[in-house]
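Structure data follow from coords34.tsv (TSV, C-alpha atoms (C1' of nucleotides)):
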chain	number	residue	atom	x	y	z
A	1	MET	CA	-143.31	-117.98	83.77
A	2	TYR	CA	-145.22	-119.75	86.41
A	3	PHE	CA	-146.76	-116.59	87.74
A	4	SER	CA	-147.38	-115.15	84.33
A	5	SER	CA	-149.29	-118.13	83.15
A	6	ASN	CA	-151.21	-118.19	86.38
A	7	ALA	CA	-152.02	-114.53	86.37
A	8	LEU	CA	-153.04	-114.74	82.75
A	9	ALA	CA	-155.28	-117.68	83.41
A	10	ARG	CA	-156.94	-115.92	86.30
A	11	LYS	CA	-157.61	-112.81	84.29
A	12	MET	CA	-158.89	-114.87	81.43
A	13	GLU	CA	-161.16	-116.66	83.80
A	14	LYS	CA	-162.60	-113.41	84.98
A	15	LEU	CA	-163.19	-112.15	81.49
A	16	ALA	CA	-164.80	-115.42	80.55
A	17	ASN	CA	-167.04	-115.44	83.56
A	18	GLU	CA	-168.40	-112.13	82.43
A	19	SER	CA	-169.29	-113.49	79.04
A	20	TRP	CA	-171.02	-116.52	80.44
A	21	LYS	CA	-173.00	-114.67	83.03
A	22	LYS	CA	-176.11	-114.59	80.96
A	23	VAL	CA	-176.47	-118.35	81.13
A	24	ASP	CA	-175.43	-118.48	84.77
A	25	LEU	CA	-172.79	-121.13	84.16
A	26	SER	CA	-169.07	-121.10	84.55
A	27	PRO	CA	-167.15	-121.35	81.28
A	28	SER	CA	-165.99	-124.85	82.05
A	29	HIS	CA	-169.47	-126.06	82.81
A	30	ALA	CA	-170.79	-124.40	79.71
A	31	TYR	CA	-168.11	-125.97	77.58
A	32	LEU	CA	-168.83	-129.42	78.91
A	33	LEU	CA	-172.49	-128.87	78.31
A	34	MET	CA	-171.91	-127.83	74.74
A	35	ILE	CA	-169.91	-130.95	74.03
A	36	ALA	CA	-172.68	-133.07	75.51
A	37	ILE	CA	-175.30	-131.33	73.40
A	38	GLU	CA	-173.30	-131.78	70.23
A	39	ASP	CA	-172.39	-135.36	71.01
A	40	PRO	CA	-175.23	-136.87	73.02
A	41	GLY	CA	-174.22	-139.95	74.93
A	42	VAL	CA	-170.60	-138.86	75.23
A	43	GLN	CA	-168.73	-140.65	78.01
A	44	PRO	CA	-167.02	-138.96	80.95
A	45	GLY	CA	-163.69	-140.37	79.87
A	46	THR	CA	-163.99	-138.66	76.51
A	47	LEU	CA	-164.96	-135.41	78.14
A	48	SER	CA	-161.99	-135.72	80.40
A	49	ASN	CA	-159.68	-136.07	77.42
A	50	GLU	CA	-161.19	-133.34	75.35
A	51	MET	CA	-161.26	-130.86	78.17
A	52	GLN	CA	-157.90	-131.82	79.63
A	53	LEU	CA	-159.42	-132.26	83.02
A	54	THR	CA	-159.16	-135.20	85.37
A	55	PRO	CA	-161.99	-137.72	85.47
A	56	SER	CA	-162.90	-136.68	88.97
A	57	THR	CA	-163.32	-133.08	87.93
A	58	VAL	CA	-165.52	-134.16	85.07
A	59	THR	CA	-167.68	-136.18	87.43
A	60	ARG	CA	-168.11	-133.14	89.63
A	61	PHE	CA	-169.09	-130.95	86.71
A	62	ILE	CA	-171.61	-133.46	85.46
A	63	GLU	CA	-173.12	-133.65	88.92
A	64	LYS	CA	-173.63	-129.92	88.96
A	65	LEU	CA	-175.16	-129.90	85.53
A	66	GLU	CA	-177.41	-132.77	86.47
A	67	GLU	CA	-178.66	-130.82	89.48
A	68	LYS	CA	-179.52	-127.98	87.18
A	69	LYS	CA	-181.40	-130.37	84.93
A	70	PHE	CA	-179.17	-129.85	81.95
A	71	LEU	CA	-177.80	-133.37	81.78
A	72	VAL	CA	-178.70	-136.92	82.66
A	73	ARG	CA	-176.40	-139.85	83.14
A	74	ILE	CA	-177.31	-143.34	82.08
A	75	THR	CA	-174.97	-146.01	83.35
A	76	GLU	CA	-174.81	-149.49	81.96
A	77	GLY	CA	-172.12	-151.78	83.19
A	78	LYS	CA	-168.94	-149.86	83.53
A	79	ILE	CA	-169.72	-147.22	81.00
A	80	THR	CA	-171.77	-144.12	81.49
A	81	ASN	CA	-173.41	-142.02	78.85
A	82	VAL	CA	-174.22	-138.40	79.30
A	83	TYR	CA	-177.23	-136.90	77.57
A	84	PRO	CA	-178.51	-133.35	77.33
A	85	THR	CA	-182.04	-132.63	78.47
A	86	PRO	CA	-184.50	-130.65	76.36
A	87	LYS	CA	-183.79	-127.72	78.64
A	88	ALA	CA	-180.14	-127.93	77.64
A	89	LYS	CA	-180.91	-128.13	73.95
A	90	LYS	CA	-183.08	-125.10	74.24
A	91	LEU	CA	-180.19	-123.24	75.79
A	92	PHE	CA	-177.77	-124.10	73.03
A	93	PRO	CA	-178.12	-120.92	70.96
A	94	LYS	CA	-177.51	-118.83	74.01
A	95	LEU	CA	-174.41	-120.83	74.79
A	96	LYS	CA	-173.06	-120.11	71.36
A	97	GLU	CA	-173.77	-116.46	71.87
A	98	CYS	CA	-171.66	-116.55	74.99
A	99	VAL	CA	-168.78	-118.11	73.14
A	100	ASN	CA	-169.07	-115.32	70.65
A	101	ASP	CA	-169.23	-112.64	73.27
A	102	PHE	CA	-166.10	-113.93	74.84
A	103	PHE	CA	-164.34	-114.04	71.51
A	104	LYS	CA	-165.28	-110.48	70.82
A	105	ALA	CA	-164.39	-109.36	74.31
A	106	TYR	CA	-160.85	-110.55	74.17
A	107	ALA	CA	-160.25	-109.76	70.54
A	108	LYS	CA	-161.27	-106.23	71.32
A	109	ILE	CA	-158.86	-105.95	74.20
A	110	LEU	CA	-155.95	-107.63	72.51
A	111	GLY	CA	-156.31	-107.17	68.83
A	112	LYS	CA	-156.90	-110.06	66.50
A	113	ASP	CA	-153.43	-110.85	65.29
A	114	GLU	CA	-151.66	-110.67	68.53
A	115	SER	CA	-154.15	-112.75	70.38
A	116	PHE	CA	-154.12	-115.31	67.63
A	117	GLU	CA	-150.39	-115.65	67.79
A	118	LEU	CA	-150.41	-115.94	71.49
A	119	LEU	CA	-153.09	-118.58	71.36
A	120	ASN	CA	-150.92	-120.52	68.98
A	121	GLY	CA	-147.93	-120.21	71.22
A	122	MET	CA	-149.84	-121.39	74.21
A	123	HIS	CA	-151.09	-124.38	72.32
A	124	LYS	CA	-147.66	-125.39	71.20
A	125	LEU	CA	-146.32	-124.93	74.66
A	126	ALA	CA	-149.10	-126.86	76.31
A	127	ASP	CA	-148.58	-129.69	73.85
A	128	LYS	CA	-144.95	-129.96	74.74
A	129	LEU	CA	-145.50	-130.00	78.44
A	130	PRO	CA	-146.07	-133.41	79.97
A	131	ASP	CA	-149.50	-134.33	81.25
B	1	MET	CA	-158.34	-119.12	74.52
B	2	TYR	CA	-159.90	-119.59	77.87
B	3	PHE	CA	-159.17	-123.29	77.90
B	4	SER	CA	-155.73	-122.89	76.48
B	5	SER	CA	-154.66	-120.46	79.11
B	6	ASN	CA	-156.19	-122.63	81.77
B	7	ALA	CA	-154.66	-125.83	80.53
B	8	LEU	CA	-151.31	-124.12	80.20
B	9	ALA	CA	-151.51	-122.74	83.69
B	10	ARG	CA	-152.38	-126.13	85.11
B	11	LYS	CA	-149.50	-127.82	83.34
B	12	MET	CA	-147.15	-125.08	84.43
B	13	GLU	CA	-148.37	-125.52	87.94
B	14	LYS	CA	-147.56	-129.17	87.83
B	15	LEU	CA	-144.11	-128.60	86.45
B	16	ALA	CA	-143.47	-125.96	89.06
B	17	ASN	CA	-144.66	-128.16	91.87
B	18	GLU	CA	-142.04	-130.69	90.87
B	19	SER	CA	-139.30	-128.14	91.10
B	20	TRP	CA	-140.40	-126.92	94.49
B	21	LYS	CA	-140.84	-130.31	95.98
B	22	LYS	CA	-137.49	-130.27	97.69
B	23	VAL	CA	-138.56	-127.43	99.95
B	24	ASP	CA	-142.03	-128.85	100.46
B	25	LEU	CA	-143.75	-125.62	99.52
B	26	SER	CA	-146.05	-124.72	96.71
B	27	PRO	CA	-144.58	-122.28	94.19
B	28	SER	CA	-146.85	-119.50	95.34
B	29	HIS	CA	-145.94	-119.95	98.96
B	30	ALA	CA	-142.29	-120.10	98.10
B	31	TYR	CA	-142.52	-116.95	96.04
B	32	LEU	CA	-144.20	-115.05	98.83
B	33	LEU	CA	-141.60	-116.28	101.25
B	34	MET	CA	-138.78	-115.13	99.02
B	35	ILE	CA	-140.22	-111.66	98.80
B	36	ALA	CA	-140.53	-111.53	102.57
B	37	ILE	CA	-136.93	-112.64	103.00
B	38	GLU	CA	-135.64	-110.06	100.57
B	39	ASP	CA	-137.82	-107.31	101.95
B	40	PRO	CA	-138.32	-107.96	105.66
B	41	GLY	CA	-141.31	-106.15	107.09
B	42	VAL	CA	-143.16	-106.10	103.81
B	43	GLN	CA	-146.88	-105.50	104.19
B	44	PRO	CA	-149.62	-107.83	103.02
B	45	GLY	CA	-150.99	-105.17	100.72
B	46	THR	CA	-147.67	-104.91	98.93
B	47	LEU	CA	-147.48	-108.67	98.59
B	48	SER	CA	-150.96	-108.68	97.20
B	49	ASN	CA	-149.96	-106.17	94.53
B	50	GLU	CA	-146.71	-107.79	93.61
B	51	MET	CA	-148.15	-111.23	93.36
B	52	GLN	CA	-151.38	-110.20	91.72
B	53	LEU	CA	-153.37	-112.02	94.31
B	54	THR	CA	-156.26	-110.78	96.42
B	55	PRO	CA	-155.58	-109.66	99.98
B	56	SER	CA	-157.53	-112.57	101.36
B	57	THR	CA	-155.40	-115.04	99.48
B	58	VAL	CA	-152.29	-113.38	100.80
B	59	THR	CA	-153.60	-113.61	104.33
B	60	ARG	CA	-154.17	-117.31	103.87
B	61	PHE	CA	-150.68	-117.86	102.52
B	62	ILE	CA	-149.10	-115.97	105.36
B	63	GLU	CA	-151.07	-118.03	107.84
B	64	LYS	CA	-149.71	-121.22	106.35
B	65	LEU	CA	-146.17	-119.93	106.36
B	66	GLU	CA	-146.57	-118.79	109.93
B	67	GLU	CA	-147.70	-122.27	110.94
B	68	LYS	CA	-144.57	-123.64	109.37
B	69	LYS	CA	-142.49	-121.12	111.31
B	70	PHE	CA	-141.17	-119.36	108.26
B	71	LEU	CA	-142.83	-116.02	108.92
B	72	VAL	CA	-144.09	-113.88	111.76
B	73	ARG	CA	-146.58	-111.06	111.60
B	74	ILE	CA	-146.30	-107.97	113.75
B	75	THR	CA	-149.36	-105.77	113.71
B	76	GLU	CA	-149.39	-102.21	114.87
B	77	GLY	CA	-152.51	-100.19	114.37
B	78	LYS	CA	-153.89	-100.95	110.99
B	79	ILE	CA	-150.67	-102.00	109.38
B	80	THR	CA	-149.04	-105.36	109.57
B	81	ASN	CA	-145.44	-106.22	108.88
B	82	VAL	CA	-144.29	-109.61	107.81
B	83	TYR	CA	-140.85	-110.84	108.82
B	84	PRO	CA	-138.93	-113.97	107.93
B	85	THR	CA	-137.70	-116.20	110.73
B	86	PRO	CA	-134.12	-117.47	110.92
B	87	LYS	CA	-135.44	-120.79	109.67
B	88	ALA	CA	-136.67	-119.01	106.56
B	89	LYS	CA	-133.41	-117.20	106.01
B	90	LYS	CA	-131.57	-120.45	106.25
B	91	LEU	CA	-133.79	-121.87	103.56
B	92	PHE	CA	-133.16	-119.06	101.13
B	93	PRO	CA	-130.40	-120.66	99.07
B	94	LYS	CA	-132.51	-123.73	98.58
B	95	LEU	CA	-135.38	-121.57	97.42
B	96	LYS	CA	-133.19	-120.00	94.81
B	97	GLU	CA	-132.12	-123.42	93.67
B	98	CYS	CA	-135.74	-124.30	93.13
B	99	VAL	CA	-136.29	-121.24	91.01
B	100	ASN	CA	-133.35	-122.30	88.98
B	101	ASP	CA	-134.51	-125.85	88.63
B	102	PHE	CA	-137.82	-124.67	87.37
B	103	PHE	CA	-136.18	-122.37	84.90
B	104	LYS	CA	-134.08	-125.15	83.57
B	105	ALA	CA	-136.96	-127.57	83.49
B	106	TYR	CA	-139.11	-125.50	81.27
B	107	ALA	CA	-136.34	-124.10	79.14
B	108	LYS	CA	-135.35	-127.66	78.39
B	109	ILE	CA	-138.83	-128.63	77.37
B	110	LEU	CA	-139.58	-125.54	75.34
B	111	GLY	CA	-136.36	-124.14	74.09
B	112	LYS	CA	-135.09	-120.80	75.21
B	113	ASP	CA	-136.23	-118.53	72.45
B	114	GLU	CA	-139.67	-119.80	72.10
B	115	SER	CA	-140.41	-119.78	75.77
B	116	PHE	CA	-139.02	-116.30	76.09
B	117	GLU	CA	-141.28	-115.00	73.37
B	118	LEU	CA	-144.24	-116.66	74.84
B	119	LEU	CA	-143.48	-115.26	78.24
B	120	ASN	CA	-143.36	-111.84	76.70
B	121	GLY	CA	-146.65	-112.34	74.96
B	122	MET	CA	-148.30	-113.46	78.12
B	123	HIS	CA	-147.03	-110.47	79.98
B	124	LYS	CA	-148.30	-108.07	77.41
B	125	LEU	CA	-151.61	-109.79	77.32
B	126	ALA	CA	-151.98	-109.88	81.06
B	127	ASP	CA	-151.17	-106.19	81.25
B	128	LYS	CA	-153.91	-105.35	78.83
B	129	LEU	CA	-156.54	-107.37	80.56
B	130	PRO	CA	-158.45	-105.55	83.28
B	131	ASP	CA	-157.84	-106.47	86.87
C	1	DT	C1'	-163.96	-171.73	84.75
C	2	DA	C1'	-161.55	-169.16	88.26
C	3	DC	C1'	-157.95	-165.47	88.87
C	4	DT	C1'	-155.83	-161.48	87.68
C	5	DA	C1'	-155.27	-157.22	85.28
C	6	DT	C1'	-157.29	-153.34	83.10
C	7	DT	C1'	-160.66	-149.86	82.43
C	8	DA	C1'	-164.38	-146.47	83.74
C	9	DT	C1'	-166.27	-143.93	87.07
C	10	DT	C1'	-167.11	-142.13	91.64
C	11	DT	C1'	-166.02	-140.60	96.34
C	12	DG	C1'	-163.34	-138.59	100.11
C	13	DT	C1'	-160.50	-135.13	101.01
C	14	DA	C1'	-157.26	-131.40	100.16
C	15	DT	C1'	-155.39	-126.96	97.94
C	16	DA	C1'	-155.48	-122.52	95.66
C	17	DT	C1'	-157.99	-118.89	95.14
C	18	DA	C1'	-161.86	-115.55	95.14
C	19	DC	C1'	-165.71	-112.45	96.75
C	20	DA	C1'	-168.29	-110.21	100.10
C	21	DA	C1'	-168.86	-108.91	104.67
C	22	DC	C1'	-166.65	-107.54	108.77
C	23	DT	C1'	-163.30	-105.19	112.12
C	24	DA	C1'	-160.13	-101.97	113.31
C	25	DT	C1'	-157.70	-97.90	112.43
C	26	DT	C1'	-156.51	-93.63	110.47
C	27	DT	C1'	-157.55	-89.50	107.83
C	28	DA	C1'	-160.48	-85.78	106.29
C	29	DA	C1'	-164.43	-82.84	106.66
C	30	DA	C1'	-168.09	-80.42	109.04
D	1	DT	C1'	-164.36	-82.46	118.19
D	2	DT	C1'	-167.57	-85.48	116.40
D	3	DT	C1'	-168.68	-87.81	112.16
D	4	DA	C1'	-167.91	-89.71	107.82
D	5	DA	C1'	-164.89	-91.78	104.49
D	6	DA	C1'	-161.00	-94.31	103.28
D	7	DT	C1'	-157.55	-97.90	104.17
D	8	DA	C1'	-155.57	-102.46	105.82
D	9	DG	C1'	-156.30	-106.69	107.04
D	10	DT	C1'	-159.05	-110.85	108.36
D	11	DT	C1'	-162.82	-114.19	108.28
D	12	DG	C1'	-166.71	-116.91	106.44
D	13	DT	C1'	-167.87	-119.25	102.71
D	14	DA	C1'	-167.81	-120.82	97.95
D	15	DT	C1'	-165.72	-122.65	93.45
D	16	DA	C1'	-162.54	-125.11	90.51
D	17	DT	C1'	-159.69	-128.49	90.49
D	18	DA	C1'	-156.61	-132.34	91.85
D	19	DC	C1'	-154.88	-136.86	93.82
D	20	DA	C1'	-155.48	-141.17	95.81
D	21	DA	C1'	-158.43	-144.74	97.17
D	22	DA	C1'	-162.60	-147.29	96.40
D	23	DT	C1'	-165.95	-149.63	93.41
D	24	DA	C1'	-167.57	-151.97	89.73
D	25	DA	C1'	-167.32	-154.16	85.45
D	26	DT	C1'	-165.07	-156.31	81.71
D	27	DA	C1'	-161.28	-158.69	79.34
D	28	DG	C1'	-157.42	-161.74	79.21
D	29	DT	C1'	-155.03	-165.68	80.79
D	30	DA	C1'	-153.88	-169.99	83.09
The structure in this file should be written as structure tokens.
Amino acid sequence: MYFSSNALARKMEKLANESWKKVDLSPSHAYLLMIAIEDPGVQPGTLSNEMQLTPSTVTRFIEKLEEKKFLVRITEGKITNVYPTPKAKKLFPKLKECVNDFFKAYAKILGKDESFELLNGMHKLADKLPD
Amino acid sequence: MYFSSNALARKMEKLANESWKKVDLSPSHAYLLMIAIEDPGVQPGTLSNEMQLTPSTVTRFIEKLEEKKFLVRITEGKITNVYPTPKAKKLFPKLKECVNDFFKAYAKILGKDESFELLNGMHKLADKLPD
DNA sequence: TACTATTATTTGTATATACAACTATTTAAA
DNA sequence: TTTAAATAGTTGTATATACAAATAATAGTA
């Protein structure tokens, strides 16, 4: 089980990377960016929850995206808000394309039904597992 | 899908780490070690295939396990053979216990049937995905 | 009001893993 | 037999991610 889920994740990762190549971002970065574009001012803590990643990982991602001029952080007191730059907003349609590409890519390989079921199963399983 | 498989893998990883704590090895290292114990002289290339990991990753793992005196490498010409040390052989029963613990741990959380099905699904999926 | 506890985020450091380039060796072809 | 191609493994370097400790700010309590 352990190795299966790992191997699967790695292969998925590879497939996903392909689809996101055209924006030169890793899937995780792109996903974070999309959330920030759709919800400007979102806080790192929220991102961490939504993406099921630790706060430190989120910080690292934001740093990268800030370097690339896709995001800016504005900190006031203990809370930080993350905003997309115009450059990021301009990229948004392309990001959605990538999501679509990825969808198509794996649906093609796996077939719709099967992959849907599996997705469901993984969700259920992940929900049951402790954080 | 991408995030589900990733999140699942990360949670699995965590659960597995718990189970392997008592031998102070990561699941991947332990798995490699078990193969080497059961098939003394196994070559890195074979390990790489069986574990679905790149050769470089396998090299790194073997290095770690060599440091810990669980494995030795004997290179002749272009091929390398990996042998378990007595220390490793002595550890074998404990390693199997860990496998068992992990099995129990996730079967308990997920229920037998469901987890079995899911495992199957993941296998099928992983097989279809390109390397 | 001062003291403590909680919350939000960042930083330092470590691990798993990959890719691409490199080395060494063996095999095949000319 | 010299040369080219294939094979096996290692090394340099990079990415994603985590944990634990540090920092800073706010809230809650005495």
Measuring between all atoms listed in the file, which one of B:Lys21, B:Lys108, B:Lys78, B:Lys68 shows the shortest distance to DT23 of chain C?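 Nearest candidate to DT23 of chain C out of B:Lys21, B:Lys108, B:Lys78, B:Lys68: B:Lys78.
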From atom CA of Glu114 of chain B to atom CA of Ser4 of chain B the spacing works out at 16.9 Å
What residues in chain A have any atom no more than 9 Å from chain C when counting all atoms listed in the file, and can you write them as a list in words?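 Listing them in order of chain and number gives Pro44, Gly45, Pro55, Ser56, Thr59, Lys78, Ile79 and Thr80 of chain A.
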Interatomic distance (Å, one decimal) between atom CA of Glu38 of chain B and atom CA of Phe92 of chain B: 9.4 Å
I'd like the superposed copy of chain A - fitted to chain B by least squares over all paired Cα atoms - as a CSV table (one decimal) with C-alpha atoms, in the coordinates of the input.
chain,number,residue,atom,x,y,z
A,1,MET,CA,-158.3,-119.1,74.6
A,2,TYR,CA,-159.9,-119.6,77.9
A,3,PHE,CA,-159.2,-123.3,77.9
A,4,SER,CA,-155.8,-122.9,76.5
A,5,SER,CA,-154.7,-120.5,79.1
A,6,ASN,CA,-156.2,-122.6,81.8
A,7,ALA,CA,-154.7,-125.8,80.5
A,8,LEU,CA,-151.3,-124.1,80.2
A,9,ALA,CA,-151.5,-122.8,83.7
A,10,ARG,CA,-152.4,-126.1,85.1
A,11,LYS,CA,-149.5,-127.8,83.4
A,12,MET,CA,-147.2,-125.1,84.4
A,13,GLU,CA,-148.4,-125.5,88.0
A,14,LYS,CA,-147.6,-129.2,87.8
A,15,LEU,CA,-144.1,-128.6,86.5
A,16,ALA,CA,-143.5,-126.0,89.1
A,17,ASN,CA,-144.7,-128.2,91.9
A,18,GLU,CA,-142.1,-130.7,90.9
A,19,SER,CA,-139.3,-128.1,91.1
A,20,TRP,CA,-140.4,-126.9,94.5
A,21,LYS,CA,-140.8,-130.3,96.0
A,22,LYS,CA,-137.5,-130.3,97.7
A,23,VAL,CA,-138.5,-127.4,100.0
A,24,ASP,CA,-142.0,-128.8,100.5
A,25,LEU,CA,-143.7,-125.6,99.5
A,26,SER,CA,-146.0,-124.7,96.7
A,27,PRO,CA,-144.6,-122.3,94.2
A,28,SER,CA,-146.8,-119.5,95.3
A,29,HIS,CA,-145.9,-119.9,99.0
A,30,ALA,CA,-142.3,-120.1,98.1
A,31,TYR,CA,-142.5,-117.0,96.0
A,32,LEU,CA,-144.2,-115.1,98.8
A,33,LEU,CA,-141.6,-116.3,101.2
A,34,MET,CA,-138.8,-115.1,99.0
A,35,ILE,CA,-140.2,-111.7,98.8
A,36,ALA,CA,-140.5,-111.5,102.6
A,37,ILE,CA,-136.9,-112.7,103.0
A,38,GLU,CA,-135.7,-110.1,100.6
A,39,ASP,CA,-137.8,-107.3,101.9
A,40,PRO,CA,-138.3,-108.0,105.6
A,41,GLY,CA,-141.3,-106.2,107.1
A,42,VAL,CA,-143.2,-106.1,103.8
A,43,GLN,CA,-146.9,-105.5,104.2
A,44,PRO,CA,-149.6,-107.9,103.0
A,45,GLY,CA,-151.0,-105.2,100.7
A,46,THR,CA,-147.7,-104.9,98.9
A,47,LEU,CA,-147.5,-108.7,98.6
A,48,SER,CA,-150.9,-108.7,97.2
A,49,ASN,CA,-149.9,-106.2,94.5
A,50,GLU,CA,-146.7,-107.8,93.6
A,51,MET,CA,-148.1,-111.3,93.3
A,52,GLN,CA,-151.4,-110.2,91.7
A,53,LEU,CA,-153.4,-112.0,94.3
A,54,THR,CA,-156.2,-110.8,96.4
A,55,PRO,CA,-155.5,-109.7,99.9
A,56,SER,CA,-157.5,-112.5,101.3
A,57,THR,CA,-155.4,-115.0,99.5
A,58,VAL,CA,-152.3,-113.4,100.8
A,59,THR,CA,-153.6,-113.6,104.3
A,60,ARG,CA,-154.2,-117.3,103.8
A,61,PHE,CA,-150.7,-117.9,102.5
A,62,ILE,CA,-149.1,-116.0,105.3
A,63,GLU,CA,-151.1,-118.0,107.8
A,64,LYS,CA,-149.7,-121.2,106.3
A,65,LEU,CA,-146.2,-119.9,106.3
A,66,GLU,CA,-146.6,-118.8,109.9
A,67,GLU,CA,-147.7,-122.3,110.9
A,68,LYS,CA,-144.6,-123.6,109.4
A,69,LYS,CA,-142.5,-121.1,111.3
A,70,PHE,CA,-141.2,-119.4,108.2
A,71,LEU,CA,-142.8,-116.0,108.9
A,72,VAL,CA,-144.1,-113.9,111.7
A,73,ARG,CA,-146.6,-111.1,111.6
A,74,ILE,CA,-146.3,-108.0,113.7
A,75,THR,CA,-149.4,-105.8,113.7
A,76,GLU,CA,-149.4,-102.2,114.8
A,77,GLY,CA,-152.5,-100.2,114.3
A,78,LYS,CA,-153.9,-101.0,110.9
A,79,ILE,CA,-150.7,-102.0,109.3
A,80,THR,CA,-149.0,-105.4,109.5
A,81,ASN,CA,-145.5,-106.2,108.8
A,82,VAL,CA,-144.3,-109.6,107.8
A,83,TYR,CA,-140.9,-110.9,108.8
A,84,PRO,CA,-138.9,-114.0,107.9
A,85,THR,CA,-137.7,-116.2,110.7
A,86,PRO,CA,-134.1,-117.5,110.9
A,87,LYS,CA,-135.4,-120.8,109.7
A,88,ALA,CA,-136.7,-119.0,106.5
A,89,LYS,CA,-133.4,-117.2,106.0
A,90,LYS,CA,-131.6,-120.4,106.2
A,91,LEU,CA,-133.8,-121.9,103.6
A,92,PHE,CA,-133.2,-119.0,101.1
A,93,PRO,CA,-130.4,-120.7,99.1
A,94,LYS,CA,-132.5,-123.7,98.6
A,95,LEU,CA,-135.4,-121.6,97.4
A,96,LYS,CA,-133.2,-120.0,94.8
A,97,GLU,CA,-132.1,-123.4,93.7
A,98,CYS,CA,-135.8,-124.3,93.1
A,99,VAL,CA,-136.3,-121.2,91.0
A,100,ASN,CA,-133.4,-122.3,89.0
A,101,ASP,CA,-134.5,-125.8,88.6
A,102,PHE,CA,-137.8,-124.7,87.4
A,103,PHE,CA,-136.2,-122.4,84.9
A,104,LYS,CA,-134.1,-125.2,83.6
A,105,ALA,CA,-137.0,-127.6,83.5
A,106,TYR,CA,-139.1,-125.5,81.3
A,107,ALA,CA,-136.4,-124.1,79.2
A,108,LYS,CA,-135.4,-127.6,78.4
A,109,ILE,CA,-138.9,-128.6,77.4
A,110,LEU,CA,-139.6,-125.5,75.4
A,111,GLY,CA,-136.3,-124.1,74.1
A,112,LYS,CA,-135.1,-120.8,75.3
A,113,ASP,CA,-136.2,-118.5,72.5
A,114,GLU,CA,-139.7,-119.8,72.2
A,115,SER,CA,-140.4,-119.8,75.8
A,116,PHE,CA,-139.0,-116.3,76.2
A,117,GLU,CA,-141.2,-115.0,73.4
A,118,LEU,CA,-144.2,-116.6,74.9
A,119,LEU,CA,-143.5,-115.2,78.3
A,120,ASN,CA,-143.3,-111.8,76.8
A,121,GLY,CA,-146.6,-112.3,75.0
A,122,MET,CA,-148.3,-113.4,78.1
A,123,HIS,CA,-147.0,-110.5,80.0
A,124,LYS,CA,-148.3,-108.0,77.4
A,125,LEU,CA,-151.6,-109.8,77.3
A,126,ALA,CA,-152.0,-109.9,81.1
A,127,ASP,CA,-151.2,-106.2,81.3
A,128,LYS,CA,-153.9,-105.3,78.8
A,129,LEU,CA,-156.5,-107.4,80.6
A,130,PRO,CA,-158.5,-105.6,83.3
A,131,ASP,CA,-157.9,-106.5,86.9
Quick one: which chain B residues come within 12 Å of chain D, and what is the nearest atom pair for each with the distance in Å to one decimal, counting all atoms listed in the file, rows ordered by chain and ascending number, as CSV?
residue,atom,partner,partner_atom,distance
B:Asn6,CA,D:DT17,C1',11.1
B:Ala7,CA,D:DT17,C1',11.5
B:Arg10,CA,D:DT17,C1',9.4
B:Lys11,CA,D:DA18,C1',12.0
B:Glu13,CA,D:DA18,C1',11.4
B:Lys14,CA,D:DA18,C1',10.4
B:Gln43,CA,D:DA8,C1',9.3
B:Pro44,CA,D:DG9,C1',7.9
B:Gly45,CA,D:DA8,C1',7.4
B:Thr46,CA,D:DA8,C1',10.8
B:Ser48,CA,D:DG9,C1',11.4
B:Thr54,CA,D:DG9,C1',11.4
B:Pro55,CA,D:DG9,C1',7.7
B:Ser56,CA,D:DT10,C1',7.4
B:Thr57,CA,D:DT10,C1',10.5
B:Val58,CA,D:DG9,C1',10.0
B:Thr59,CA,D:DT10,C1',7.3
B:Arg60,CA,D:DT10,C1',9.3
B:Ile62,CA,D:DT10,C1',11.6
B:Glu63,CA,D:DT10,C1',10.7
B:Arg73,CA,D:DG9,C1',11.6
B:Thr75,CA,D:DG9,C1',9.7
B:Glu76,CA,D:DA8,C1',11.0
B:Gly77,CA,D:DA8,C1',9.4
B:Lys78,CA,D:DA8,C1',5.6
B:Ile79,CA,D:DA8,C1',6.1
B:Thr80,CA,D:DG9,C1',7.8
B:Asn81,CA,D:DG9,C1',11.0
